[in-house]
$ cat upload_18.tsv   # TSV, C-alpha atoms
chain	number	residue	atom	x	y	z
E	234	MET	CA	20.19	33.24	-40.93
E	235	THR	CA	19.85	30.21	-38.67
E	236	SER	CA	19.63	30.79	-34.91
E	237	HIS	CA	21.33	28.35	-32.57
E	238	THR	CA	20.45	27.79	-28.91
E	239	THR	CA	23.45	28.19	-26.67
E	240	PRO	CA	24.02	25.87	-23.68
E	241	ALA	CA	23.25	28.79	-21.36
E	242	GLU	CA	19.92	29.44	-23.08
E	243	ALA	CA	19.04	25.74	-23.01
E	244	GLY	CA	19.85	25.59	-19.30
E	245	ALA	CA	17.73	28.66	-18.60
E	246	GLY	CA	14.85	27.10	-20.52
E	247	GLN	CA	15.09	23.90	-18.48
E	248	ARG	CA	15.10	25.90	-15.25
E	249	ARG	CA	12.00	27.84	-16.36
E	250	ARG	CA	10.20	24.59	-17.19
E	251	LEU	CA	11.17	23.09	-13.84
E	252	ILE	CA	9.96	26.17	-11.94
E	253	ARG	CA	6.71	26.15	-13.93
E	254	GLU	CA	6.11	22.48	-13.14
E	255	LEU	CA	6.94	22.98	-9.46
E	256	LEU	CA	4.42	25.81	-9.30
E	257	LEU	CA	1.79	23.70	-11.07
E	258	VAL	CA	2.28	20.76	-8.71
E	259	ALA	CA	2.34	23.06	-5.67
E	260	GLY	CA	-0.85	24.66	-6.94
E	261	LEU	CA	-2.44	21.22	-7.29
E	262	PHE	CA	-1.64	20.42	-3.67
E	263	ALA	CA	-2.81	23.86	-2.53
E	264	VAL	CA	-6.14	23.45	-4.32
E	265	TYR	CA	-6.50	20.00	-2.79
E	266	LYS	CA	-5.87	21.26	0.74
E	267	GLY	CA	-7.79	24.50	0.38
E	268	GLY	CA	-10.74	23.06	-1.47
E	269	ARG	CA	-11.33	20.42	1.19
E	270	THR	CA	-11.95	23.11	3.82
E	271	LEU	CA	-14.80	24.71	1.86
E	272	ALA	CA	-17.35	22.12	3.01
E	273	THR	CA	-16.78	22.42	6.74
E	274	GLY	CA	-19.69	23.14	9.05
E	275	ARG	CA	-22.12	20.70	7.39
E	276	THR	CA	-22.09	18.15	10.21
E	277	ASP	CA	-25.72	17.05	10.08
E	278	GLU	CA	-25.69	16.57	6.32
E	279	ALA	CA	-22.39	14.69	6.48
E	280	LEU	CA	-23.71	12.31	9.13
E	281	ARG	CA	-26.92	11.66	7.17
E	282	ASN	CA	-24.84	10.82	4.11
E	283	ALA	CA	-22.66	8.56	6.24
E	284	THR	CA	-25.73	6.57	7.28
E	285	ARG	CA	-26.76	6.27	3.61
E	286	VAL	CA	-23.31	5.02	2.57
E	287	TRP	CA	-23.17	2.55	5.48
E	288	ASP	CA	-26.60	1.17	4.59
E	289	ALA	CA	-25.68	0.96	0.89
E	290	GLU	CA	-22.59	-1.10	1.73
E	291	ARG	CA	-24.72	-3.52	3.72
E	292	VAL	CA	-27.17	-3.85	0.82
E	293	LEU	CA	-24.21	-4.56	-1.48
E	294	HIS	CA	-22.94	-7.16	1.04
E	295	LEU	CA	-19.57	-5.46	1.35
E	296	PRO	CA	-17.52	-6.56	4.36
E	297	GLY	CA	-17.73	-4.27	7.36
E	298	GLU	CA	-14.83	-1.85	7.79
E	299	GLY	CA	-14.46	-3.30	11.29
E	300	VAL	CA	-13.06	-6.52	9.81
E	301	ILE	CA	-9.88	-4.69	8.83
E	302	GLN	CA	-9.77	-2.59	11.97
E	303	ARG	CA	-9.91	-5.63	14.24
E	304	LEU	CA	-6.82	-6.98	12.48
E	305	LEU	CA	-4.96	-3.70	13.11
E	306	LEU	CA	-5.99	-3.60	16.75
E	307	HIS	CA	-4.19	-6.87	17.48
E	308	GLY	CA	-1.12	-4.81	18.41
E	309	ASP	CA	-0.37	-1.21	19.30
E	310	ALA	CA	2.66	-1.19	17.00
E	311	LEU	CA	0.59	-2.34	14.03
E	312	VAL	CA	-2.16	0.24	14.43
E	313	HIS	CA	0.42	2.97	15.12
E	314	THR	CA	2.20	2.00	11.90
E	315	ALA	CA	-1.08	2.20	9.98
E	316	ASN	CA	-1.80	5.66	11.40
E	317	THR	CA	1.70	6.80	10.48
E	318	TYR	CA	1.30	5.44	6.96
E	319	TYR	CA	-1.97	7.36	6.60
E	320	ALA	CA	-0.46	10.59	7.91
E	321	VAL	CA	3.00	10.51	6.32
E	322	VAL	CA	3.11	8.51	3.08
E	323	HIS	CA	0.33	10.13	1.02
E	324	PHE	CA	1.93	13.42	-0.07
E	325	PRO	CA	5.66	12.49	-0.12
E	326	ALA	CA	5.02	9.36	-2.19
E	327	THR	CA	3.05	11.33	-4.78
E	328	VAL	CA	5.70	14.07	-4.94
E	329	ALA	CA	8.50	11.50	-5.31
E	330	PHE	CA	6.50	9.80	-8.07
E	331	LEU	CA	6.08	13.04	-10.02
E	332	VAL	CA	9.70	14.10	-9.54
E	333	TRP	CA	11.00	10.73	-10.77
E	334	LEU	CA	8.77	10.87	-13.83
E	335	TYR	CA	9.78	14.46	-14.56
E	336	VAL	CA	13.46	13.50	-14.55
E	337	ARG	CA	13.31	10.04	-16.14
E	338	ARG	CA	10.03	9.86	-18.12
E	339	PRO	CA	8.91	13.37	-19.16
E	340	ALA	CA	6.06	12.17	-21.38
E	341	HIS	CA	4.68	9.97	-18.62
E	342	TYR	CA	5.08	12.87	-16.21
E	343	LEU	CA	2.79	15.12	-18.26
E	344	TRP	CA	0.25	12.31	-18.60
E	345	SER	CA	0.29	11.51	-14.88
E	346	ARG	CA	0.14	15.15	-13.80
E	347	ARG	CA	-2.87	15.79	-16.02
E	348	VAL	CA	-4.65	12.67	-14.77
E	349	LEU	CA	-3.98	13.59	-11.13
E	350	ALA	CA	-5.20	17.14	-11.69
E	351	LEU	CA	-8.41	15.92	-13.32
E	352	LEU	CA	-8.97	13.32	-10.58
E	353	THR	CA	-8.38	15.89	-7.85
E	354	GLY	CA	-10.70	18.43	-9.43
E	355	ALA	CA	-13.50	15.89	-9.78
E	356	ALA	CA	-12.95	14.74	-6.19
E	357	LEU	CA	-13.21	18.30	-4.84
E	358	VAL	CA	-16.50	18.81	-6.66
E	359	LEU	CA	-17.84	15.63	-5.04
E	360	HIS	CA	-16.50	16.70	-1.63
E	361	LEU	CA	-18.54	19.89	-1.90
E	362	ALA	CA	-21.65	18.26	-3.33
E	363	PHE	CA	-21.68	15.25	-1.02
E	364	PRO	CA	-20.16	15.95	2.41
E	365	LEU	CA	-19.55	12.64	4.13
E	366	ALA	CA	-18.51	11.88	7.69
E	367	PRO	CA	-15.93	9.08	7.89
E	368	PRO	CA	-16.86	5.78	9.57
E	369	ARG	CA	-14.97	6.74	12.74
E	370	MET	CA	-17.70	9.37	13.35
E	371	LEU	CA	-20.63	7.07	12.62
E	372	ALA	CA	-22.13	5.56	15.77
E	373	ALA	CA	-23.69	2.65	13.85
E	374	ALA	CA	-20.24	1.52	12.67
E	375	HIS	CA	-18.89	0.99	16.22
E	376	LEU	CA	-15.35	1.78	15.07
E	377	THR	CA	-12.41	3.29	16.92
E	378	ASP	CA	-10.82	6.57	15.87
E	379	THR	CA	-7.37	4.99	15.81
E	380	GLY	CA	-5.63	8.30	15.12
E	381	GLN	CA	-6.97	9.90	18.30
E	382	VAL	CA	-6.55	6.80	20.46
E	383	TYR	CA	-3.19	5.47	19.29
E	384	GLY	CA	-1.69	8.34	17.25
E	385	PRO	CA	-0.45	9.95	15.20
E	386	THR	CA	-3.39	11.82	13.71
E	387	VAL	CA	-3.71	14.56	11.11
E	388	TYR	CA	-7.16	15.66	12.31
E	389	GLY	CA	-8.36	17.69	15.25
E	390	ALA	CA	-10.45	16.03	17.93
E	391	ALA	CA	-13.42	18.33	17.16
E	392	PRO	CA	-14.29	18.26	13.43
E	393	ALA	CA	-16.24	21.52	13.53
E	394	ALA	CA	-13.22	23.35	14.99
E	395	ASP	CA	-10.64	21.76	12.67
E	396	THR	CA	-9.38	24.62	10.50
E	397	MET	CA	-6.60	22.56	8.87
E	398	ALA	CA	-8.71	19.92	7.13
E	399	ASN	CA	-12.25	19.10	6.14
E	400	GLN	CA	-13.10	15.91	8.00
E	401	PHE	CA	-16.33	15.58	6.02
E	402	ALA	CA	-14.55	14.94	2.70
E	403	ALA	CA	-14.44	11.16	2.91
E	404	MET	CA	-15.78	10.42	-0.57
E	405	PRO	CA	-13.87	9.84	-2.71
E	406	SER	CA	-10.67	8.75	-1.00
E	407	LEU	CA	-7.86	10.66	-2.68
E	408	HIS	CA	-5.45	8.70	-0.52
E	409	PHE	CA	-6.49	5.65	-2.51
E	410	GLY	CA	-6.99	7.44	-5.84
E	411	TRP	CA	-3.53	8.98	-5.84
E	412	ALA	CA	-1.93	5.73	-4.68
E	413	LEU	CA	-3.62	3.82	-7.50
E	414	MET	CA	-2.45	6.38	-10.06
E	415	LEU	CA	1.07	6.15	-8.70
E	416	ALA	CA	1.04	2.39	-9.22
E	417	LEU	CA	-0.47	2.59	-12.71
E	418	GLY	CA	1.92	5.37	-13.68
E	419	MET	CA	4.99	3.42	-12.57
E	420	ILE	CA	3.76	0.28	-14.32
E	421	ALA	CA	3.26	2.24	-17.53
E	422	ALA	CA	6.61	4.05	-17.30
E	423	THR	CA	8.84	1.09	-16.44
E	424	SER	CA	9.60	-2.26	-18.03
E	425	SER	CA	10.72	-4.40	-15.09
E	426	ARG	CA	9.11	-7.82	-14.82
E	427	TRP	CA	8.37	-6.91	-11.18
E	428	ARG	CA	6.57	-3.65	-11.93
E	429	ALA	CA	3.18	-5.13	-11.01
E	430	LEU	CA	4.37	-5.03	-7.39
E	431	TRP	CA	3.65	-1.29	-7.46
E	432	LEU	CA	0.02	-2.31	-6.96
E	433	LEU	CA	0.94	-3.17	-3.37
E	434	HIS	CA	0.97	0.56	-2.62
E	435	PRO	CA	-2.73	1.15	-3.35
E	436	LEU	CA	-3.58	-2.19	-1.72
E	437	VAL	CA	-1.81	-1.24	1.52
E	438	THR	CA	-3.31	2.25	1.30
E	439	LEU	CA	-6.80	0.78	0.96
E	440	LEU	CA	-6.35	-1.44	4.01
E	441	VAL	CA	-4.95	1.50	5.98
E	442	VAL	CA	-7.65	4.04	5.14
E	443	VAL	CA	-10.39	1.50	5.90
E	444	GLY	CA	-8.74	-0.01	8.96
E	445	THR	CA	-8.13	3.37	10.57
E	446	ALA	CA	-11.84	4.19	10.00
E	447	ASN	CA	-11.05	7.21	7.86
E	448	HIS	CA	-12.85	5.86	4.77
E	449	TYR	CA	-15.54	3.46	3.65
E	450	TRP	CA	-15.00	0.82	1.00
E	451	LEU	CA	-17.23	2.85	-1.32
E	452	ASP	CA	-14.90	5.86	-0.97
E	453	ALA	CA	-12.19	3.81	-2.67
E	454	VAL	CA	-14.61	2.45	-5.28
E	455	VAL	CA	-15.69	5.96	-6.25
E	456	ALA	CA	-12.05	7.12	-6.37
E	457	ALA	CA	-11.21	4.24	-8.72
E	458	LEU	CA	-14.17	5.13	-10.97
E	459	LEU	CA	-13.14	8.79	-11.12
E	460	LEU	CA	-9.58	7.76	-11.91
E	461	GLY	CA	-10.85	5.49	-14.67
E	462	GLY	CA	-12.76	8.41	-16.17
E	463	ALA	CA	-9.67	10.64	-16.01
E	464	LEU	CA	-7.57	7.95	-17.71
E	465	LEU	CA	-10.12	7.74	-20.52
E	466	LEU	CA	-10.04	11.51	-21.05
E	467	VAL	CA	-6.26	12.04	-20.93
E	468	PRO	CA	-4.38	10.43	-23.85
E	469	ARG	CA	-1.53	8.17	-22.83
E	470	PRO	CA	1.98	9.06	-24.01
E	471	ASP	CA	3.00	7.42	-27.28
E	472	THR	CA	5.81	5.01	-26.42
E	473	ARG	CA	5.25	2.53	-29.22
E	474	SER	CA	8.47	3.43	-31.04
E	475	ARG	CA	10.51	2.80	-27.90
E	476	VAL	CA	8.77	-0.51	-27.29
E	477	VAL	CA	9.22	-1.64	-30.88
E	478	LEU	CA	12.91	-0.81	-30.84
E	479	ARG	CA	13.39	-2.63	-27.56
E	480	SER	CA	11.57	-5.72	-28.80
E	481	MET	CA	13.33	-5.96	-32.19
E	482	PRO	CA	16.25	-8.40	-32.29
E	483	SER	CA	19.67	-6.95	-32.88
E	484	PRO	CA	20.85	-7.41	-36.47
E	485	ARG	CA	23.45	-10.13	-36.84
E	486	PRO	CA	26.62	-9.34	-38.77
E	487	ALA	CA	26.68	-10.93	-42.22
E	488	LYS	CA	28.96	-13.95	-42.49
E	489	PRO	CA	31.75	-13.61	-45.10
E	490	GLU	CA	31.24	-15.81	-48.13
E	491	PRO	CA	33.79	-18.65	-48.15
E	492	VAL	CA	36.30	-18.50	-50.99
E	493	ALA	CA	37.62	-21.75	-52.35
E	494	VAL	CA	41.39	-21.98	-52.33
E	495	GLY	CA	43.01	-22.16	-55.72
E	496	VAL	CA	39.95	-21.04	-57.64
E	497	VAL	CA	40.58	-18.18	-60.03
E	498	ARG	CA	37.74	-15.72	-60.47
$ encode --input "upload_18.tsv" --output "structure tokens"
Amino acid sequence: MTSHTTPAEAGAGQRRRLIRELLLVAGLFAVYKGGRTLATGRTDEALRNATRVWDAERVLHLPGEGVIQRLLLHGDALVHTANTYYAVVHFPATVAFLVWLYVRRPAHYLWSRRVLALLTGAALVLHLAFPLAPPRMLAAAHLTDTGQVYGPTVYGAAPAADTMANQFAAMPSLHFGWALMLALGMIAATSSRWRALWLLHPLVTLLVVVGTANHYWLDAVVAALLLGGALLLVPRPDTRSRVVLRSMPSPRPAKPEPVAVGVVR
């Protein structure tokens, strides 16, 4: 006897899958927020690591983070916009990305969610193993804490008393890592000739996190390396059949064979 799924059962199954995915994504964000607070109270170690990272960037001849900050400080509106971008865009953009993929590209959604989870887990391990004060706290950097001076800011003025976030979790920059995955995910899931423009999101994010003195250049480099490792470990969705079908020319209707008038067959 063959069992058939009724529309009601199919709808219930879709709702269960949606609830499961919402819980998984919410859990990912909760782990991200909660895990970052585990390394608080390690101020001296975080500042020593900050000096090491700053010196390493100079050895590598990377441009000083102040180059970008000086550009932002040309106008209050510009630096305020950068602070707002840092505070507001990170989570909503990632949620919107995952929701769109879930609705329109389910296979790409699973791939992207797994990559983001792996990237976030690896980042949290590094946050705990290598507490790092951001450049805005490093005296040698001579940078302005733009969030505190110009607003808005997501951090408390006293890092040791900040119970909402771990300010010593600068490396890697998940702001940049998630933004880069968003761009790569949208490029992989869409076919528009303009899809490479999604890379503007991680580019702007990089300039913002560096210019606001919340991250070093190396924080973004490490995030990109961790993301690359996650992409190597998580198989991409198989979309070859869809691509082949889209690229194949449409079959042309066969032309009728001409019949000579007056010829008897």
$ residues_around --input "upload_18.tsv" --residues "range 444-448 of chain E" --least-positions-apart "4" --cutoff "8 Å" --atoms "only C-alpha atoms" --output "MDAnalysis selection string"
chainID E and resid 298:303 305 312 315:316 367:369 376:380 403:404 406 440 452:453
$ closest_residue --input "upload_18.tsv" --among "E:Gly260, E:Pro364, E:Gly354, E:Pro325" --to "Thr276 in chain E" --atoms "all atoms listed in the file"
E:Pro364
$ closest_residue --input "upload_18.tsv" --among "E:Gly308, E:Pro296, E:Gly462, E:Pro470" --to "Ala422 in chain E" --atoms "only C-alpha atoms"
E:Pro470
$ atom_distance --input "upload_18.tsv" --atom1 "CA of Leu433 in chain E" --atom2 "CA of Leu407 in chain E"
16.4 Å
$ atom_distance --input "upload_18.tsv" --atom1 "CA of Arg337 in chain E" --atom2 "CA of Gly461 in chain E"
24.6 Å
$ decode --input "upload_18.tsv" --residues "range 324-439 of chain E" --atoms "C-alpha atoms" --output "short mmCIF file (atom, residue, chain, number, x, y, z; two decimals), in the first residue's frame"
data_model
loop_
_atom_site.label_atom_id
_atom_site.label_comp_id
_atom_site.auth_asym_id
_atom_site.auth_seq_id
_atom_site.Cartn_x
_atom_site.Cartn_y
_atom_site.Cartn_z
CA PHE E 324 23.91 40.95 12.11
CA PRO E 325 20.92 42.07 9.98
CA ALA E 326 22.85 41.63 6.73
CA THR E 327 23.88 38.10 7.68
CA VAL E 328 20.33 37.18 8.75
CA ALA E 329 18.86 38.62 5.53
CA PHE E 330 21.46 36.65 3.54
CA LEU E 331 20.53 33.36 5.22
CA VAL E 332 16.79 33.98 4.95
CA TRP E 333 17.05 34.76 1.22
CA LEU E 334 19.08 31.63 0.60
CA TYR E 335 16.68 29.51 2.65
CA VAL E 336 13.74 30.68 0.54
CA ARG E 337 15.36 30.91 -2.89
CA ARG E 338 18.46 28.66 -2.83
CA PRO E 339 18.03 25.89 -0.21
CA ALA E 340 21.17 23.99 -1.22
CA HIS E 341 23.28 27.14 -1.02
CA TYR E 342 21.66 27.93 2.32
CA LEU E 343 22.84 24.66 3.87
CA TRP E 344 26.33 25.19 2.45
CA SER E 345 26.54 28.79 3.70
CA ARG E 346 25.13 27.96 7.14
CA ARG E 347 27.66 25.17 7.62
CA VAL E 348 30.55 27.36 6.49
CA LEU E 349 29.47 30.20 8.80
CA ALA E 350 29.10 27.81 11.73
CA LEU E 351 32.58 26.36 11.14
CA LEU E 352 34.10 29.83 10.72
CA THR E 353 32.43 31.09 13.89
CA GLY E 354 33.52 28.08 15.92
CA ALA E 355 37.13 28.43 14.80
CA ALA E 356 37.03 32.17 15.52
CA LEU E 357 35.75 31.61 19.07
CA VAL E 358 38.57 29.17 19.77
CA LEU E 359 41.07 31.79 18.61
CA HIS E 360 39.34 34.49 20.68
CA LEU E 361 39.86 32.35 23.78
CA ALA E 362 43.40 31.28 22.94
CA PHE E 363 44.63 34.69 21.78
CA PRO E 364 42.87 37.60 23.51
CA LEU E 365 43.66 40.76 21.58
CA ALA E 366 42.95 44.38 22.42
CA PRO E 367 41.77 46.38 19.38
CA PRO E 368 43.96 49.20 18.02
CA ARG E 369 41.76 51.83 19.68
CA MET E 370 43.13 50.60 23.04
CA LEU E 371 46.78 50.48 21.97
CA ALA E 372 48.69 53.62 22.94
CA ALA E 373 51.36 53.02 20.29
CA ALA E 374 48.73 53.21 17.53
CA HIS E 375 47.65 56.78 18.43
CA LEU E 376 44.13 56.10 17.15
CA THR E 377 40.78 57.55 18.17
CA ASP E 378 37.99 55.42 19.60
CA THR E 379 35.51 56.78 17.06
CA GLY E 380 32.57 54.97 18.64
CA GLN E 381 33.05 56.69 22.01
CA VAL E 382 33.91 60.09 20.53
CA TYR E 383 31.44 60.36 17.66
CA GLY E 384 28.93 57.55 18.30
CA PRO E 385 27.18 55.26 18.06
CA THR E 386 29.11 52.53 19.84
CA VAL E 387 28.31 48.94 20.77
CA TYR E 388 30.96 48.78 23.51
CA GLY E 389 31.13 50.13 27.03
CA ALA E 390 33.67 52.81 27.87
CA ALA E 391 35.42 50.50 30.36
CA PRO E 392 36.33 47.14 28.73
CA ALA E 393 36.74 45.32 32.05
CA ALA E 394 33.20 46.30 33.09
CA ASP E 395 31.57 45.55 29.72
CA THR E 396 29.28 42.58 30.37
CA MET E 397 27.65 42.69 26.92
CA ALA E 398 30.71 42.02 24.76
CA ASN E 399 34.29 40.87 24.92
CA GLN E 400 36.35 43.81 23.71
CA PHE E 401 39.47 41.63 23.63
CA ALA E 402 38.20 39.42 20.79
CA ALA E 403 39.66 41.40 17.92
CA MET E 404 41.27 38.49 16.07
CA PRO E 405 39.82 37.29 13.83
CA SER E 406 37.33 39.89 12.67
CA LEU E 407 34.02 38.10 12.26
CA HIS E 408 32.60 41.35 10.94
CA PHE E 409 34.87 40.87 7.94
CA GLY E 410 34.65 37.07 7.82
CA TRP E 411 30.87 37.01 7.74
CA ALA E 412 30.73 39.85 5.21
CA LEU E 413 33.13 37.99 2.92
CA MET E 414 31.06 34.80 3.18
CA LEU E 415 27.92 36.78 2.39
CA ALA E 416 29.53 38.09 -0.80
CA LEU E 417 30.90 34.70 -1.86
CA GLY E 418 27.59 33.02 -1.07
CA MET E 419 25.59 35.48 -3.15
CA ILE E 420 28.06 35.22 -6.03
CA ALA E 421 27.78 31.44 -5.95
CA ALA E 422 23.97 31.43 -5.66
CA THR E 423 23.15 34.00 -8.35
CA SER E 424 23.90 34.36 -12.05
CA SER E 425 23.70 38.11 -12.63
CA ARG E 426 26.59 39.64 -14.56
CA TRP E 427 26.80 42.20 -11.73
CA ARG E 428 27.09 39.67 -8.91
CA ALA E 429 30.77 40.50 -8.34
CA LEU E 430 29.56 43.80 -6.86
CA TRP E 431 28.66 41.84 -3.72
CA LEU E 432 32.37 42.05 -2.92
CA LEU E 433 31.81 45.72 -2.11
CA HIS E 434 30.21 44.62 1.16
CA PRO E 435 33.34 42.99 2.62
CA LEU E 436 35.47 45.80 1.17
CA VAL E 437 33.40 48.49 2.90
CA THR E 438 33.30 46.36 6.06
CA LEU E 439 37.10 46.08 6.03
#
